[in-house]
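Content type mmCIF, C-alpha atoms and all ligand atoms, from the file upload_25.cif:
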```cif
data_run
#
loop_
_atom_site.label_atom_id
_atom_site.label_comp_id
_atom_site.auth_asym_id
_atom_site.auth_seq_id
_atom_site.Cartn_x
_atom_site.Cartn_y
_atom_site.Cartn_z
CA MET A 1 9.70 15.08 -12.83
CA SER A 2 11.83 13.68 -10.02
CA ASN A 3 10.85 15.57 -6.91
CA LYS A 4 12.49 16.64 -3.70
CA THR A 5 10.68 15.10 -0.78
CA GLY A 6 10.05 15.38 2.94
CA ILE A 7 10.52 11.61 3.31
CA ALA A 8 13.65 11.49 5.42
CA TRP A 9 14.90 8.08 4.29
CA THR A 10 15.24 9.06 0.64
CA ASP A 11 16.60 11.97 -1.38
CA GLU A 12 13.79 12.34 -3.88
CA THR A 13 10.81 10.62 -5.43
CA ALA A 14 10.29 9.59 -9.07
CA ASN A 15 6.70 8.81 -10.00
CA TRP A 16 6.99 6.77 -13.16
CA ILE A 17 3.50 5.48 -12.41
CA VAL A 18 0.73 7.22 -10.47
CA GLY A 19 -2.50 5.72 -9.18
CA CYS A 20 -3.47 2.82 -6.94
CA SER A 21 -6.33 1.27 -4.97
CA LYS A 22 -6.54 0.62 -1.27
CA ILE A 23 -5.66 -2.91 -0.26
CA SER A 24 -5.16 -3.11 3.52
CA GLN A 25 -5.37 -1.32 6.86
CA GLY A 26 -2.23 0.66 6.14
CA CYS A 27 -3.96 2.34 3.19
CA ARG A 28 -6.81 3.92 5.14
CA SER A 29 -5.36 7.44 5.16
CA CYS A 30 -3.30 7.09 1.98
CA TYR A 31 -1.31 10.33 1.77
CA ALA A 32 -0.65 9.75 -1.92
CA ALA A 33 -4.36 9.70 -2.84
CA THR A 34 -4.95 12.90 -0.88
CA ALA A 35 -1.99 14.58 -2.55
CA ALA A 36 -3.03 13.36 -6.02
CA ASN A 37 -6.38 15.03 -5.52
CA SER A 38 -4.85 18.39 -4.56
CA PRO A 39 -5.05 21.42 -6.91
CA ARG A 40 -1.23 21.43 -7.05
CA LEU A 41 -1.05 17.97 -8.63
CA GLN A 42 -4.34 18.06 -10.52
CA GLN A 43 -2.72 20.51 -12.94
CA PHE A 44 -0.59 17.61 -14.26
CA ASP A 45 -2.21 15.26 -16.79
CA GLN A 46 -1.13 12.03 -15.13
CA TYR A 47 -3.10 12.85 -11.96
CA LYS A 48 -6.36 13.84 -13.67
CA GLY A 49 -7.72 10.34 -14.33
CA VAL A 50 -6.60 8.43 -11.25
CA VAL A 51 -8.71 9.92 -8.42
CA ASP A 52 -12.45 10.10 -7.92
CA GLY A 53 -12.73 13.64 -6.60
CA ASP A 54 -13.26 12.58 -2.96
CA GLY A 55 -9.60 11.96 -2.39
CA ASN A 56 -9.77 8.27 -3.28
CA TRP A 57 -7.97 6.38 -6.01
CA ASN A 58 -10.29 5.13 -8.75
CA GLY A 59 -8.08 2.14 -9.62
CA GLU A 60 -6.71 3.60 -12.87
CA ILE A 61 -2.94 3.76 -13.28
CA ALA A 62 -1.07 6.31 -15.40
CA PHE A 63 2.36 5.47 -16.81
CA VAL A 64 4.73 8.45 -17.01
CA PRO A 65 7.67 7.34 -19.20
CA LYS A 66 9.26 10.79 -19.28
CA VAL A 67 10.18 10.30 -15.62
CA LEU A 68 12.26 7.27 -16.65
CA GLY A 69 13.90 9.28 -19.43
CA GLN A 70 14.84 11.94 -16.93
CA LEU A 71 16.40 9.36 -14.61
CA ILE A 72 18.45 7.92 -17.48
CA ARG A 73 19.77 11.36 -18.40
CA SER A 74 20.59 12.34 -14.85
CA LYS A 75 24.12 11.86 -13.53
CA LYS A 76 23.67 12.66 -9.87
CA ARG A 77 24.13 9.96 -7.28
CA ARG A 78 21.21 9.73 -4.89
CA ARG A 79 18.54 7.55 -3.37
CA VAL A 80 15.25 7.66 -5.24
CA PHE A 81 11.94 6.37 -3.88
CA ALA A 82 10.21 5.20 -7.06
CA PRO A 83 7.28 5.53 -7.10
CA SER A 84 5.82 7.28 -4.04
CA MET A 85 2.39 7.94 -5.61
CA GLY A 86 1.26 4.37 -6.19
CA ASP A 87 2.21 0.73 -5.82
CA PRO A 88 4.52 -0.50 -8.62
CA PHE A 89 3.11 -4.01 -8.35
CA HIS A 90 -0.57 -3.00 -8.48
CA GLN A 91 -2.46 -5.22 -10.95
CA GLY A 92 -3.05 -2.20 -13.21
CA VAL A 93 0.70 -1.67 -13.80
CA LYS A 94 1.50 -3.40 -17.07
CA ASP A 95 4.44 -5.78 -17.31
CA GLU A 96 5.97 -3.70 -20.07
CA TRP A 97 5.94 -0.62 -17.82
CA LEU A 98 7.74 -2.60 -15.16
CA ASP A 99 10.21 -3.78 -17.81
CA GLN A 100 10.97 -0.17 -18.71
CA PHE A 101 11.50 0.72 -15.07
CA PHE A 102 13.86 -2.20 -14.48
CA VAL A 103 15.85 -1.37 -17.61
CA THR A 104 16.13 2.19 -16.28
CA VAL A 105 17.50 0.81 -13.01
CA ALA A 106 20.07 -1.25 -14.93
CA LEU A 107 21.12 1.78 -16.96
CA THR A 108 21.62 4.03 -13.93
CA PRO A 109 23.85 2.19 -11.46
CA HIS A 110 24.76 5.51 -9.78
CA ILE A 111 21.15 5.84 -8.51
CA THR A 112 19.89 3.69 -5.65
CA TYR A 113 16.22 2.86 -6.14
CA GLN A 114 13.99 2.24 -3.12
CA VAL A 115 10.85 0.38 -4.17
CA LEU A 116 8.02 -0.40 -1.80
CA THR A 117 4.90 -2.52 -2.26
CA LYS A 118 1.92 -3.99 -0.46
CA ARG A 119 1.60 -6.56 -3.25
CA PRO A 120 4.69 -8.75 -2.83
CA GLU A 121 3.12 -11.76 -4.57
CA ARG A 122 3.30 -9.93 -7.88
CA MET A 123 6.77 -8.58 -7.07
CA LEU A 124 8.01 -12.13 -6.50
CA GLU A 125 6.38 -13.43 -9.65
CA TYR A 126 7.72 -10.54 -11.75
CA CYS A 127 11.28 -10.67 -10.38
CA ASP A 128 11.43 -14.44 -10.85
CA ARG A 129 10.71 -13.92 -14.53
CA LEU A 130 12.87 -10.78 -14.75
CA TYR A 131 16.00 -12.59 -13.78
CA GLY A 132 15.33 -15.30 -16.31
CA ASP A 133 15.64 -15.00 -20.06
CA ARG A 134 12.80 -12.56 -20.29
CA PHE A 135 14.88 -9.61 -19.09
CA ARG A 136 17.48 -10.06 -21.81
CA HIS A 137 14.72 -10.54 -24.34
CA GLN A 138 13.00 -7.31 -23.37
CA ILE A 139 16.23 -5.35 -23.52
CA GLN A 140 16.97 -6.68 -26.98
CA LEU A 141 13.44 -5.89 -28.08
CA ARG A 142 14.01 -2.24 -27.34
CA GLY A 143 17.32 -2.13 -29.15
CA LEU A 144 19.13 -1.36 -25.93
CA GLU A 145 21.67 -4.10 -26.60
CA ARG A 146 23.55 -1.49 -28.61
CA ASP A 147 24.77 -0.26 -25.26
CA GLU A 148 27.42 -2.84 -24.47
CA ASN A 149 27.80 -1.37 -21.00
CA LEU A 150 24.24 -2.36 -20.20
CA THR A 151 25.13 -5.96 -20.84
CA LYS A 152 28.10 -5.57 -18.51
CA ILE A 153 25.92 -3.99 -15.86
CA TYR A 154 23.21 -6.59 -15.72
CA ASN A 155 25.54 -9.51 -16.16
CA ARG A 156 27.56 -8.25 -13.24
CA ASN A 157 24.73 -7.17 -11.02
CA LEU A 158 21.95 -9.73 -10.77
CA PRO A 159 19.91 -9.11 -8.81
CA LEU A 160 20.41 -5.45 -9.62
CA SER A 161 22.66 -4.11 -6.89
CA ASN A 162 21.14 -0.61 -6.94
CA LEU A 163 17.58 -1.84 -6.42
CA TRP A 164 16.21 -2.16 -2.89
CA LEU A 165 12.87 -3.96 -2.58
CA GLY A 166 10.62 -3.55 0.44
CA VAL A 167 7.18 -4.34 1.78
CA THR A 168 4.91 -2.32 4.04
CA VAL A 169 4.15 -4.03 7.32
CA GLU A 170 1.49 -2.16 9.29
CA ASN A 171 0.38 -5.00 11.57
CA GLU A 172 1.14 -8.62 12.37
CA ALA A 173 -1.20 -9.98 9.68
CA ALA A 174 0.67 -8.00 7.01
CA ALA A 175 3.99 -9.21 8.43
CA ASN A 176 2.91 -12.85 8.24
CA GLU A 177 1.67 -12.49 4.69
CA ARG A 178 4.20 -10.18 3.07
CA ILE A 179 7.60 -10.84 4.64
CA PRO A 180 7.95 -14.48 3.53
CA LEU A 181 7.19 -13.35 -0.04
CA LEU A 182 9.79 -10.58 0.17
CA LEU A 183 12.37 -13.05 1.43
CA GLN A 184 11.79 -15.25 -1.61
CA THR A 185 12.25 -12.32 -4.01
CA PRO A 186 15.73 -11.81 -5.52
CA ALA A 187 16.98 -8.43 -4.26
CA ALA A 188 20.28 -6.81 -3.31
CA VAL A 189 18.64 -5.16 -0.29
CA ARG A 190 15.34 -6.17 1.30
CA PHE A 191 13.60 -3.78 3.65
CA LEU A 192 10.49 -3.36 5.76
CA SER A 193 8.53 -0.13 6.03
CA VAL A 194 6.67 -0.51 9.28
CA GLU A 195 4.52 2.57 8.75
CA PRO A 196 1.90 3.30 9.82
CA LEU A 197 2.63 1.01 12.74
CA LEU A 198 -0.86 0.11 14.03
CA GLU A 199 -0.17 -2.45 16.76
CA ALA A 200 2.61 -4.25 18.57
CA ILE A 201 4.30 -6.62 16.13
CA ASP A 202 6.33 -9.60 17.23
CA LEU A 203 8.59 -10.48 14.34
CA VAL A 204 10.28 -13.34 16.13
CA ASP A 205 7.29 -15.22 17.45
CA GLY A 206 8.12 -18.64 16.07
CA GLU A 207 5.17 -18.67 13.69
CA MET A 208 6.83 -16.82 10.85
CA HIS A 209 9.66 -18.65 9.20
CA ASN A 210 12.37 -17.65 6.84
CA PRO A 211 11.61 -19.69 3.73
CA GLY A 212 15.35 -20.24 3.43
CA PHE A 213 15.40 -22.14 6.72
CA GLY A 214 12.08 -23.91 6.89
CA GLU A 215 10.19 -24.63 10.07
CA GLY A 216 11.61 -23.66 13.41
CA HIS A 217 13.72 -20.66 12.42
CA PRO A 218 12.33 -17.17 12.77
CA TRP A 219 13.01 -15.07 9.72
CA LEU A 220 14.54 -12.26 11.71
CA ASN A 221 17.48 -14.28 12.86
CA PRO A 222 20.15 -12.62 15.00
CA LEU A 223 22.92 -13.27 12.51
CA GLY A 224 21.26 -11.60 9.57
CA GLY A 225 20.79 -14.60 7.37
CA ILE A 226 23.51 -16.96 8.61
CA VAL A 227 22.88 -19.82 11.03
CA TYR A 228 25.21 -22.43 12.44
CA ASP A 229 24.31 -26.01 13.19
CA ASN A 230 25.71 -28.02 16.10
CA GLU A 231 28.78 -29.06 14.10
CA GLY A 232 29.65 -25.44 13.27
CA ASN A 233 28.53 -25.64 9.64
CA PHE A 234 26.76 -22.55 8.50
CA SER A 235 24.12 -21.86 5.94
CA CYS A 236 22.75 -18.62 4.55
CA ALA A 237 19.17 -17.61 4.08
CA PRO A 238 17.66 -14.40 2.80
CA ALA A 239 17.62 -11.70 5.43
CA ILE A 240 16.00 -8.36 6.07
CA ASP A 241 18.58 -5.60 5.58
CA TRP A 242 16.77 -2.51 6.83
CA GLY A 243 13.71 -1.48 8.85
CA ILE A 244 11.81 1.81 8.72
CA ILE A 245 9.39 2.62 11.55
CA GLY A 246 6.75 5.35 11.68
CA GLY A 247 3.43 6.41 13.18
CA GLU A 248 0.51 7.68 11.12
CA SER A 249 0.23 11.41 10.42
CA GLY A 250 -2.68 13.67 9.56
CA SER A 251 -5.86 14.78 11.28
CA ALA A 252 -7.38 11.25 11.25
CA ALA A 253 -4.21 9.50 12.40
CA ARG A 254 -4.71 6.30 14.36
CA PRO A 255 -2.93 5.92 17.72
CA PHE A 256 0.76 5.06 17.77
CA GLU A 257 2.16 3.75 21.04
CA MET A 258 5.84 4.48 21.36
CA GLU A 259 6.25 1.17 23.18
CA TRP A 260 5.32 -0.64 19.93
CA ALA A 261 8.25 1.09 18.24
CA GLN A 262 10.49 0.22 21.18
CA LEU A 263 9.58 -3.46 20.84
CA LEU A 264 10.43 -3.39 17.14
CA ILE A 265 13.67 -1.51 17.68
CA ASN A 266 14.72 -4.17 20.19
CA GLN A 267 13.96 -6.92 17.69
CA PHE A 268 15.83 -5.22 14.86
CA GLN A 269 18.81 -4.47 17.07
CA GLU A 270 18.90 -8.05 18.30
CA ALA A 271 19.02 -9.15 14.66
CA LYS A 272 21.68 -6.49 13.82
CA ILE A 273 19.38 -4.86 11.28
CA PRO A 274 19.82 -1.09 10.68
CA ILE A 275 16.80 0.96 11.72
CA PHE A 276 15.39 4.23 10.43
CA MET A 277 12.92 5.76 12.87
CA LYS A 278 11.05 8.14 10.57
CA GLN A 279 8.32 9.77 12.67
CA VAL A 280 6.05 9.22 15.65
CA GLY A 281 3.08 10.58 13.70
CA SER A 282 0.28 12.91 14.78
CA ASN A 283 -1.39 10.75 17.46
CA ALA A 284 1.43 9.27 19.53
CA PHE A 285 1.25 7.97 23.10
CA TYR A 286 4.11 7.23 25.48
CA GLU A 287 3.80 5.61 28.90
CA GLY A 288 0.02 5.84 28.62
CA LYS A 289 -0.10 9.59 27.90
CA PRO A 290 -0.39 11.62 24.69
CA PHE A 291 3.08 12.36 23.32
CA LYS A 292 2.91 15.84 21.83
CA THR A 293 5.49 17.11 19.36
CA LYS A 294 6.08 20.52 17.81
CA SER A 295 7.14 19.08 14.48
CA ARG A 296 4.47 18.14 11.97
CA ALA A 297 4.05 14.36 11.93
CA GLY A 298 6.42 14.12 14.90
CA SER A 299 9.37 13.80 12.59
CA ASP A 300 12.05 15.66 14.57
CA PRO A 301 14.25 13.07 16.31
CA LYS A 302 15.34 15.64 18.89
CA GLU A 303 11.81 15.48 20.33
CA TRP A 304 11.89 11.71 20.87
CA PRO A 305 13.24 9.69 23.78
CA GLU A 306 16.91 8.84 23.28
CA TRP A 307 16.22 5.14 22.57
CA ALA A 308 14.14 6.14 19.53
CA GLN A 309 16.67 8.54 17.97
CA ILE A 310 18.01 6.11 15.38
CA GLN A 311 18.25 6.90 11.69
CA GLU A 312 20.50 4.31 10.10
CA PHE A 313 20.82 3.00 6.56
CA PRO A 314 21.85 -0.41 5.27
CA ASP A 315 25.55 -1.17 5.35
CA SER A 316 27.18 1.22 2.84
CA SER A 317 29.16 -1.66 1.36
CA ILE A 318 25.93 -2.83 -0.26
CA ILE A 319 25.04 0.63 -1.58
CA PRO A 320 26.93 0.91 -4.85
CA ASN A 321 28.86 4.13 -5.28
CA LEU A 322 26.46 6.16 -3.20
CA GLU A 323 28.73 7.42 -0.49
CA SER A 324 31.73 8.77 -2.37
CA GLY A 325 29.92 11.57 -4.20
CA GLU A 326 32.10 10.97 -7.24
CA ASP A 327 30.32 11.16 -10.60
CA ILE A 328 30.70 7.79 -12.25
CA SER A 329 27.89 7.93 -14.76
CA GLU A 330 30.23 8.75 -17.65
CA SER A 331 31.94 5.42 -17.18
CA PHE A 332 28.80 3.56 -18.23
S1 LIG A 401 -0.72 0.73 -1.53
FE1 LIG A 401 0.19 2.71 -0.96
S2 LIG A 401 -0.38 4.13 -2.59
FE2 LIG A 401 -1.73 2.33 -2.75
S3 LIG A 401 -3.56 2.92 -1.58
FE3 LIG A 401 -2.20 1.79 -0.21
S4 LIG A 401 -0.99 3.40 0.84
FE4 LIG A 401 -1.92 4.32 -0.99
#
```
Please render this file's structure as structure tokens.
Ligand code: SF4
Amino acid sequence: MSNKTGIAWTDETANWIVGCSKISQGCRSCYAATAANSPRLQQFDQYKGVVDGDGNWNGEIAFVPKVLGQLIRSKKRRRVFAPSMGDPFHQGVKDEWLDQFFVTVALTPHITYQVLTKRPERMLEYCDRLYGDRFRHQIQLRGLERDENLTKIYNRNLPLSNLWLGVTVENEAAANERIPLLLQTPAAVRFLSVEPLLEAIDLVDGEMHNPGFGEGHPWLNPLGGIVYDNEGNFSCAPAIDWGIIGGESGSAARPFEMEWAQLLINQFQEAKIPIFMKQVGSNAFYEGKPFKTKSRAGSDPKEWPEWAQIQEFPDSSIIPNLESGEDISESF
């Protein structure tokens, strides 16, 4: 049930829930709803009750626990985008489903989970409770305490070191609303998916503040979460660890001006934040003219100007065991 994917910043997807409802501008051409409605996916039970037949979500959410079982049994190291066919913090996703997903993450430290939401208020509220007594309680409830290694894993790794949490930021309004919530959420890696990028976004405009710093400090600070005062004392605040940038794809794609991406790249680079330029989309413009690409969705970096050809990941020192390729799952 885990699937290979064309999403270049991950290795595969794992749809332990499917279904959603549109919530903001970035959702207008939701690829997941279109795909869920396709004959290929409609043959699977979990997709049958979540779309309305016109390619729109109907607001129902299906939980697919066998996907979690498959992840637990798998020993391969990789990055997994989970889920790609819905929003894990949609109001229709039950707390106990989230509990089962987070337990799966704790049981599989050799997998790096990339989790993305447009509903960071629920993510913050859930993770606040998760890292309290409730998480231990839920694990005991399921009898998983018999696995003494699990206790070692979550005692050692809170917040879970193999769980990256991100928010979608399609415009400045979404940035203002979602990023401060992400920064308050406990996470080993916090990331932004700026896709589809719909306008120029100024992340360091003085109006958005890192909640760790208070007024007067932009949240994308050049030192990645550390600031010095006049006496040389330093303090740490939550930081953004990774930024993904992309234009919209598909026949109804909205315009994507390459200069918007350039502005963002400059801001991320200034803040020493790794960048993954994913695609320029299907309706890109550069220097005032249409920017045509041969590749579908404009996803071949060789077709982009040199300044845009950046596909970086967060510092590997914060990606547990991903780079070595050694199979460590037997040790847990
Ligand atoms: S949140 Fe994501 S999955 Fe849900 S409607 Fe919007 S784009 Fe689609």
Each residue of chain A with at least one atom at most 10 Å from ligand LIG 401 (chain A) should appear once, together with its nearest atom pair and the corresponding distance in Å (one decimal); atoms considered: all atoms listed in the file; ordering: chain, then increasing residue number; output as CSV.
```
residue,atom,partner,partner_atom,distance
A:Val18,CA,A:LIG401,S2,8.5
A:Gly19,CA,A:LIG401,S2,7.1
A:Cys20,CA,A:LIG401,FE2,4.6
A:Ser21,CA,A:LIG401,S3,4.7
A:Lys22,CA,A:LIG401,S3,3.8
A:Ile23,CA,A:LIG401,FE3,5.8
A:Ser24,CA,A:LIG401,FE3,6.8
A:Gln25,CA,A:LIG401,FE3,8.3
A:Gly26,CA,A:LIG401,S4,6.1
A:Cys27,CA,A:LIG401,FE3,3.9
A:Arg28,CA,A:LIG401,S4,7.3
A:Ser29,CA,A:LIG401,S4,7.4
A:Cys30,CA,A:LIG401,FE4,4.3
A:Tyr31,CA,A:LIG401,FE4,6.6
A:Ala32,CA,A:LIG401,FE4,5.7
A:Ala33,CA,A:LIG401,FE4,6.2
A:Thr34,CA,A:LIG401,FE4,9.1
A:Asn56,CA,A:LIG401,S3,8.4
A:Trp57,CA,A:LIG401,S3,7.1
A:Gly59,CA,A:LIG401,S3,9.3
A:Pro83,CA,A:LIG401,S2,9.0
A:Ser84,CA,A:LIG401,S2,7.1
A:Met85,CA,A:LIG401,S2,5.6
A:Gly86,CA,A:LIG401,S2,4.0
A:Asp87,CA,A:LIG401,S1,5.2
A:Pro88,CA,A:LIG401,S1,8.9
A:Phe89,CA,A:LIG401,S1,9.1
A:His90,CA,A:LIG401,S1,7.9
A:Leu116,CA,A:LIG401,FE1,8.5
A:Thr117,CA,A:LIG401,S1,6.5
A:Lys118,CA,A:LIG401,S1,5.5
A:Arg119,CA,A:LIG401,S1,7.8
A:Val167,CA,A:LIG401,S1,10.0
A:Thr168,CA,A:LIG401,S1,8.5
A:Glu195,CA,A:LIG401,S4,9.7
A:Pro196,CA,A:LIG401,S4,9.4
```
Atoms to include: C-alpha atoms. Write the selected residues as a tab-separated table (two decimals), in the frame of the given file.
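What follows is the written file selection-v6.tsv:
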```
chain	number	residue	atom	x	y	z
A	18	VAL	CA	0.73	7.22	-10.47
A	19	GLY	CA	-2.50	5.72	-9.18
A	20	CYS	CA	-3.47	2.82	-6.94
A	21	SER	CA	-6.33	1.27	-4.97
A	22	LYS	CA	-6.54	0.62	-1.27
A	23	ILE	CA	-5.66	-2.91	-0.26
A	24	SER	CA	-5.16	-3.11	3.52
A	25	GLN	CA	-5.37	-1.32	6.86
A	26	GLY	CA	-2.23	0.66	6.14
A	27	CYS	CA	-3.96	2.34	3.19
A	28	ARG	CA	-6.81	3.92	5.14
A	29	SER	CA	-5.36	7.44	5.16
A	30	CYS	CA	-3.30	7.09	1.98
A	31	TYR	CA	-1.31	10.33	1.77
A	32	ALA	CA	-0.65	9.75	-1.92
A	33	ALA	CA	-4.36	9.70	-2.84
A	34	THR	CA	-4.95	12.90	-0.88
A	56	ASN	CA	-9.77	8.27	-3.28
A	57	TRP	CA	-7.97	6.38	-6.01
A	59	GLY	CA	-8.08	2.14	-9.62
A	83	PRO	CA	7.28	5.53	-7.10
A	84	SER	CA	5.82	7.28	-4.04
A	85	MET	CA	2.39	7.94	-5.61
A	86	GLY	CA	1.26	4.37	-6.19
A	87	ASP	CA	2.21	0.73	-5.82
A	88	PRO	CA	4.52	-0.50	-8.62
A	89	PHE	CA	3.11	-4.01	-8.35
A	90	HIS	CA	-0.57	-3.00	-8.48
A	116	LEU	CA	8.02	-0.40	-1.80
A	117	THR	CA	4.90	-2.52	-2.26
A	118	LYS	CA	1.92	-3.99	-0.46
A	119	ARG	CA	1.60	-6.56	-3.25
A	167	VAL	CA	7.18	-4.34	1.78
A	168	THR	CA	4.91	-2.32	4.04
A	195	GLU	CA	4.52	2.57	8.75
A	196	PRO	CA	1.90	3.30	9.82
```
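Between CA of Tyr286 (chain A) and CA of Glu259 (chain A) lies a distance of 6.8 Å.
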Which neighbours of Ala297 (chain A) fall inside 7 Å, counting all atoms listed in the file, when residues of the same chain fewer than 2 positions from it are skipped, and could you give them as a PDB file with C-alpha atoms, in the frame of the given file?
```
ATOM      1  CA  SER A 249       0.230  11.410  10.420  1.00  0.00           C
ATOM      2  CA  GLN A 279       8.320   9.770  12.670  1.00  0.00           C
ATOM      3  CA  VAL A 280       6.050   9.220  15.650  1.00  0.00           C
ATOM      4  CA  GLY A 281       3.080  10.580  13.700  1.00  0.00           C
ATOM      5  CA  SER A 282       0.280  12.910  14.780  1.00  0.00           C
ATOM      6  CA  SER A 295       7.140  19.080  14.480  1.00  0.00           C
ATOM      7  CA  SER A 299       9.370  13.800  12.590  1.00  0.00           C
TER       8      SER A 299
END
```
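Between CA of Arg78 (chain A) and CA of Leu182 (chain A) the interatomic distance comes to 23.8 Å.
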(request) List every protein, DNA or RNA residue with an atom no more than 7 Å from (17.3, -3.9, 8.1) in the file's coordinates, counting all atoms listed in the file, and format the result as JSON, numbers by chain. (result) {"A": [191, 240, 241, 242, 243, 273, 274, 275, 314]}
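Going from CA of Asp11 (chain A) over to CA of Arg79 (chain A), you cover 5.2 Å.
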(message) If we draw a sphere of 10 Å around (3.6, 7.2, -16.5), which residues have at least one atom in it when counting all atoms listed in the file? Please report them as a VMD selection string.
(response) chain A and resid 15 to 19 45 to 47 61 to 68 93 97
(message) List the spatial neighbours of Thr112 (chain A) as a PyMOL selection string - criterion: any atom at most 12 Å away, only C-alpha atoms, same-chain residues fewer than 4 positions off excluded.
(response) chain A and resi 9-14+71+76-82+104-108+160-165+188-189+314+316+318-323
(request) Could you tell me which of A:Glu121, A:Glu60, A:Asp202, A:Asp128 comes closest to Leu181 (chain A) if we count only C-alpha atoms? (result) A:Glu121
(request) Tell me which protein, DNA and RNA residues are within 9 Å of Trp307 (chain A), counting all atoms listed in the file, leaving out same-chain ones fewer than 3 positions away, and put them as a PyMOL selection string. (result) chain A and resi 262+265+304+310
Using all atoms of region 239-244 of chain A listed in the file and a margin of 8 Å per side, can you give the axis-aligned box centre and edge lengths in Å to one decimal, as AutoDock Vina command-line options?
```
--center_x 15.2 --center_y -4.9 --center_z 7.1 --size_x 22.8 --size_y 29.5 --size_z 19.4
```
(request) Considering only C-alpha atoms, return as number ranges by chain whatever protein or nucleic-acid residues lie within 10 Å of Gly288 (chain A), sequence-local ones (same chain, fewer than 4 positions apart) excluded. (result) A: 257-259, 284
